[in-house]
Each structure stands twice: as C-alpha cells, then as structure tokens.
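Below: the structure, in structure tokens.
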Amino acid sequence: MKLLISLFFEFFKTGLFAIGGGLATLPFLYEMSEKTGWFTVNDIANLVAVSESTPGPMGVNMATYVGYTTSGIIGSLIGPLGLVTPSIVIIIIVSKILKRFKDSKITQYAFEGLRAASTALIAYAGCSVAKLALFDTECYQRSKQLQDLFSFKGIILAFIIFACIKWQPIEKLRKHITGKENRKTLHPIIYIFVSAIVGITFQF
C-alpha cells in the first residue's frame with residue numbers, strides 16, 4: 001500500500017509540473033530514478049522507445065510501464081491515474097476562468113513563460129535521449145578508448161532517418177520514376193517499424 005501511495009504521489013508531481021507533454025516528463029523520470037530506484041537511467045531509453053511505439057499518450061504509457069514493473073496490474077492503473085489527475089483538475093479550473101482572463105496581459109505573459117519552460121524541458125529530454133541512443137558512456141568508462149564512446153549503429157540509423165525526413169529522397173525517387181509529385185511524406189509509424197526491424201537485425 002505504501003508503494004502504491006508513493007507511486008501515485010511521484011506521478012502526480014510529474015503530471016503537475018511536466019509542462020509540454022510526454023517528453024517533458026523525462027527530467028522528472030531521471031529524478032524519480034535516482035530517488036526511488038524503480039528503474040535505471042538506461043531503462044528510460046527503453047521507456048521512451050516502447051511509449052513512442054505503442055498507441056496512446058507517451059507520458060501515460062511510461063507511467064503505465066513503471067507502475068506495472070513496480071506493482072503489477074494495480075500499479076499500472078495507479079501510475080497513469082496519478083499522472084493525469086493534475087491535468088484534469090487544472091483543465092476544469094482553467095476552463096472556468098480562461099474566458100474571463102484570456103485578454104489579460106498577465107495571462108498572456110504567463111502563457112509565454114510556460115511555452116519557454118516547456119521548450120526547455122523538451123529540449124533537455126531530447127538531448128538526454130540522444131545521449132543514451134548515440135553514446136555508450138559505460139563502455140567508454142571501462143575501456144577508456146574514444147571509439148567506444150560512440151554508438152555508431154545508432155548514429156548511422158539516426159542520420160538516415162533524419163535525411164529521409166528532411167530531404168525526402170524516397171519521395172524524390174518516386175517523383176523521378178512516375179513523373180508525379182506527391183506532397184505526402186511517409187507516416188512516422190513507418191520509421192518506428194523500420195527502426196525496430198533494423199535494431200533486431202543488427203543487434204543494437
């Protein structure tokens with residue numbers, strides 16, 4: 001029972017202050033990892049991969065995952081409940097007062113500050129995930145060899161996906177062959193699915 005209360009409180013706190021959605025919860029997960037020991041820092045990379053690859057909001061998926069690994073099925077319900085409760089309460093309150101204060105300069109300044117805060121949280125989360133995916137600090141600490149610091153498989157895969165999203169070589173090749181322009185880009189799920197296959201094939 002004590003563990004369930006602690007699980008609810010930790011995710012309630014995360015949901016209350018993680019402004020900006022799923023990725024913004026990552027700094028709080030790092031702090032939670034150090035404080036509780038429920039999961040390791042390396043587990044967070046797996047949390048992100050699983051949460052991004054499964055249906056539903058990323059933050060809720062991560063809360064479900066952590067809750068299940070710590071307290072089973074009951075924990076998988078308590079974790080997400082703690083995470084979404086602050087949002088529900090805040091949205092109800094805001095919906096009642098936003099119309100009255102939406103033209104207020106103070107309200108507008110507050111939203112500008114919140115946007116900056118969420119940008120910083122998401123940027124930190126992105127850098128943290130990139131560090132886990134592209135660098136192998138544990139291997140480097142053991143060998144002290146510079147080449148062991150880099151996860152070359154992850155770097156190559158990240159560059160290929162970035163190139164496909166940025167420059168759309170597949171769509172350009174299709175246009176060259178068919179002579180028809182298609183403004184649609186590949187769906188993100190395709191990149192996720194292909195990355196999973198590549199990870200299994202090349203034993204990431």
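Starting from 1 in every chain, residues are counted up; chains themselves are A, B, ... following the order of the structure tokens, and ligands are numbered from 1 as listed.
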
Extract the full set of alpha helix (DSSP H) residues from stretch 6-204 of chain A according to DSSP on the backbone, and format it as a ChimeraX atom specification.
-> /A:6-17,26-36,41-53,58-101,105-134,137-143,152-167,169-178,188-201

Go ahead and write the residues just picked, C-alpha atoms, as a compact mmCIF listing (two decimals), in the first residue's frame.
# COMPACT_ATOMS: atom_id res chain seq x y z
CA SER A 6 4.37 6.66 -3.33
CA LEU A 7 3.78 5.69 -6.97
CA PHE A 8 0.68 7.89 -7.16
CA PHE A 9 2.43 10.84 -5.49
CA GLU A 10 5.53 10.67 -7.72
CA PHE A 11 3.48 10.66 -10.92
CA PHE A 12 1.05 13.24 -9.55
CA LYS A 13 4.02 15.53 -9.02
CA THR A 14 5.27 14.76 -12.53
CA GLY A 15 1.88 15.45 -14.09
CA LEU A 16 1.56 18.70 -12.15
CA PHE A 17 4.85 20.21 -13.34
CA LEU A 26 11.74 12.79 -18.86
CA PRO A 27 13.61 15.17 -16.49
CA PHE A 28 11.19 14.09 -13.76
CA LEU A 29 11.75 10.43 -14.61
CA TYR A 30 15.52 10.90 -14.21
CA GLU A 31 14.91 12.44 -10.79
CA MET A 32 12.47 9.63 -9.95
CA SER A 33 15.05 7.02 -10.97
CA GLU A 34 17.68 8.46 -8.64
CA LYS A 35 15.21 8.91 -5.77
CA THR A 36 13.30 5.62 -5.85
CA VAL A 41 18.71 5.56 -16.44
CA ASN A 42 19.18 3.07 -19.28
CA ASP A 43 15.64 1.82 -18.71
CA ILE A 44 14.39 5.32 -19.54
CA ALA A 45 15.59 4.95 -23.15
CA ASN A 46 13.57 1.73 -23.38
CA LEU A 47 10.62 3.51 -21.77
CA VAL A 48 10.72 6.16 -24.49
CA ALA A 49 11.06 3.59 -27.29
CA VAL A 50 8.15 1.49 -26.02
CA SER A 51 5.96 4.51 -25.24
CA GLU A 52 6.54 6.09 -28.65
CA SER A 53 5.88 2.79 -30.43
CA MET A 58 3.67 8.91 -24.27
CA GLY A 59 3.55 10.09 -20.66
CA VAL A 60 0.61 7.80 -19.81
CA ASN A 61 2.36 4.84 -21.46
CA MET A 62 5.51 5.46 -19.42
CA ALA A 63 3.51 5.78 -16.20
CA THR A 64 1.74 2.51 -17.03
CA TYR A 65 5.06 0.78 -17.72
CA VAL A 66 6.68 1.96 -14.48
CA GLY A 67 3.55 1.19 -12.47
CA TYR A 68 3.36 -2.35 -13.84
CA THR A 69 7.04 -3.12 -13.25
CA THR A 70 6.84 -1.90 -9.65
CA SER A 71 3.37 -3.02 -8.50
CA GLY A 72 1.82 -5.18 -11.20
CA ILE A 73 -1.62 -4.52 -12.68
CA ILE A 74 -2.74 -2.27 -9.80
CA GLY A 75 0.41 -0.18 -10.24
CA SER A 76 -0.26 0.11 -13.98
CA LEU A 77 -3.55 1.80 -13.06
CA ILE A 78 -2.26 3.93 -10.18
CA GLY A 79 0.69 5.38 -12.15
CA PRO A 80 -1.35 6.85 -15.03
CA LEU A 81 -4.07 7.96 -12.59
CA GLY A 82 -1.52 9.98 -10.64
CA LEU A 83 -0.14 11.46 -13.87
CA VAL A 84 -3.45 12.64 -15.36
CA THR A 85 -5.19 13.79 -12.17
CA PRO A 86 -3.44 17.21 -12.05
CA SER A 87 -4.29 17.84 -15.72
CA ILE A 88 -7.96 17.05 -15.18
CA VAL A 89 -8.18 19.34 -12.15
CA ILE A 90 -6.26 22.18 -13.83
CA ILE A 91 -8.27 21.97 -17.07
CA ILE A 92 -11.55 22.17 -15.13
CA ILE A 93 -10.31 25.23 -13.24
CA VAL A 94 -8.83 26.91 -16.33
CA SER A 95 -11.98 26.33 -18.39
CA LYS A 96 -13.96 28.22 -15.78
CA ILE A 97 -11.72 31.28 -15.65
CA LEU A 98 -9.95 31.43 -19.04
CA LYS A 99 -12.76 33.27 -20.83
CA ARG A 100 -12.71 35.93 -18.16
CA PHE A 101 -8.94 36.42 -18.20
CA LYS A 105 -1.81 40.91 -20.29
CA ILE A 106 -0.77 38.99 -17.19
CA THR A 107 -2.39 35.81 -18.55
CA GLN A 108 -0.66 36.26 -21.91
CA TYR A 109 2.71 36.80 -20.22
CA ALA A 110 2.15 33.68 -18.10
CA PHE A 111 1.48 31.58 -21.22
CA GLU A 112 4.62 32.94 -22.85
CA GLY A 113 6.62 31.88 -19.82
CA LEU A 114 5.02 28.43 -19.83
CA ARG A 115 5.92 27.98 -23.53
CA ALA A 116 9.54 28.79 -22.76
CA ALA A 117 9.55 26.36 -19.84
CA SER A 118 8.04 23.53 -21.91
CA THR A 119 10.57 24.18 -24.70
CA ALA A 120 13.45 23.88 -22.24
CA LEU A 121 12.06 20.67 -20.72
CA ILE A 122 11.53 19.05 -24.14
CA ALA A 123 14.97 20.15 -25.36
CA TYR A 124 16.59 18.64 -22.26
CA ALA A 125 14.64 15.44 -22.76
CA GLY A 126 15.66 15.25 -26.42
CA CYS A 127 19.33 15.71 -25.52
CA SER A 128 19.07 13.05 -22.82
CA VAL A 129 17.54 10.50 -25.20
CA ALA A 130 20.14 11.33 -27.87
CA LYS A 131 22.90 10.77 -25.32
CA LEU A 132 21.53 7.34 -24.42
CA ALA A 133 20.94 6.34 -28.04
CA LEU A 134 24.11 7.68 -29.67
CA THR A 137 29.38 6.03 -21.74
CA GLU A 138 29.52 2.80 -19.71
CA CYS A 139 31.64 1.04 -22.37
CA TYR A 140 33.89 4.10 -22.62
CA GLN A 141 34.43 4.22 -18.85
CA ARG A 142 35.51 0.59 -18.90
CA SER A 143 37.86 0.76 -21.90
CA PHE A 152 27.99 4.02 -34.49
CA LYS A 153 24.97 1.87 -35.34
CA GLY A 154 22.66 4.34 -33.61
CA ILE A 155 24.38 7.36 -35.19
CA ILE A 156 24.08 5.90 -38.70
CA LEU A 157 20.42 4.98 -38.21
CA ALA A 158 19.60 8.41 -36.75
CA PHE A 159 21.31 10.14 -39.69
CA ILE A 160 19.44 8.01 -42.25
CA ILE A 161 16.07 8.72 -40.62
CA PHE A 162 16.89 12.43 -40.34
CA ALA A 163 17.88 12.51 -44.04
CA CYS A 164 14.67 10.72 -45.05
CA ILE A 165 12.55 13.19 -43.08
CA LYS A 166 14.49 16.31 -44.06
CA TRP A 167 15.22 15.71 -47.72
CA PRO A 169 14.86 11.01 -51.02
CA ILE A 170 12.20 8.28 -51.30
CA GLU A 171 9.57 10.76 -52.47
CA LYS A 172 12.02 12.38 -54.89
CA LEU A 173 12.88 8.98 -56.36
CA ARG A 174 9.18 8.18 -56.72
CA LYS A 175 8.63 11.50 -58.50
CA HIS A 176 11.58 10.81 -60.81
CA ILE A 177 10.20 7.36 -61.74
CA THR A 178 6.49 8.20 -62.02
CA PRO A 188 6.09 8.28 -38.59
CA ILE A 189 4.93 4.74 -37.77
CA ILE A 190 6.89 3.53 -40.80
CA TYR A 191 10.13 4.95 -39.38
CA ILE A 192 9.37 3.38 -35.99
CA PHE A 193 8.58 -0.01 -37.54
CA VAL A 194 11.67 0.00 -39.78
CA SER A 195 13.89 1.11 -36.89
CA ALA A 196 12.63 -1.79 -34.77
CA ILE A 197 13.47 -4.24 -37.56
CA VAL A 198 16.92 -2.69 -38.03
CA GLY A 199 17.55 -2.86 -34.27
CA ILE A 200 16.71 -6.56 -34.20
CA THR A 201 18.61 -7.38 -37.39
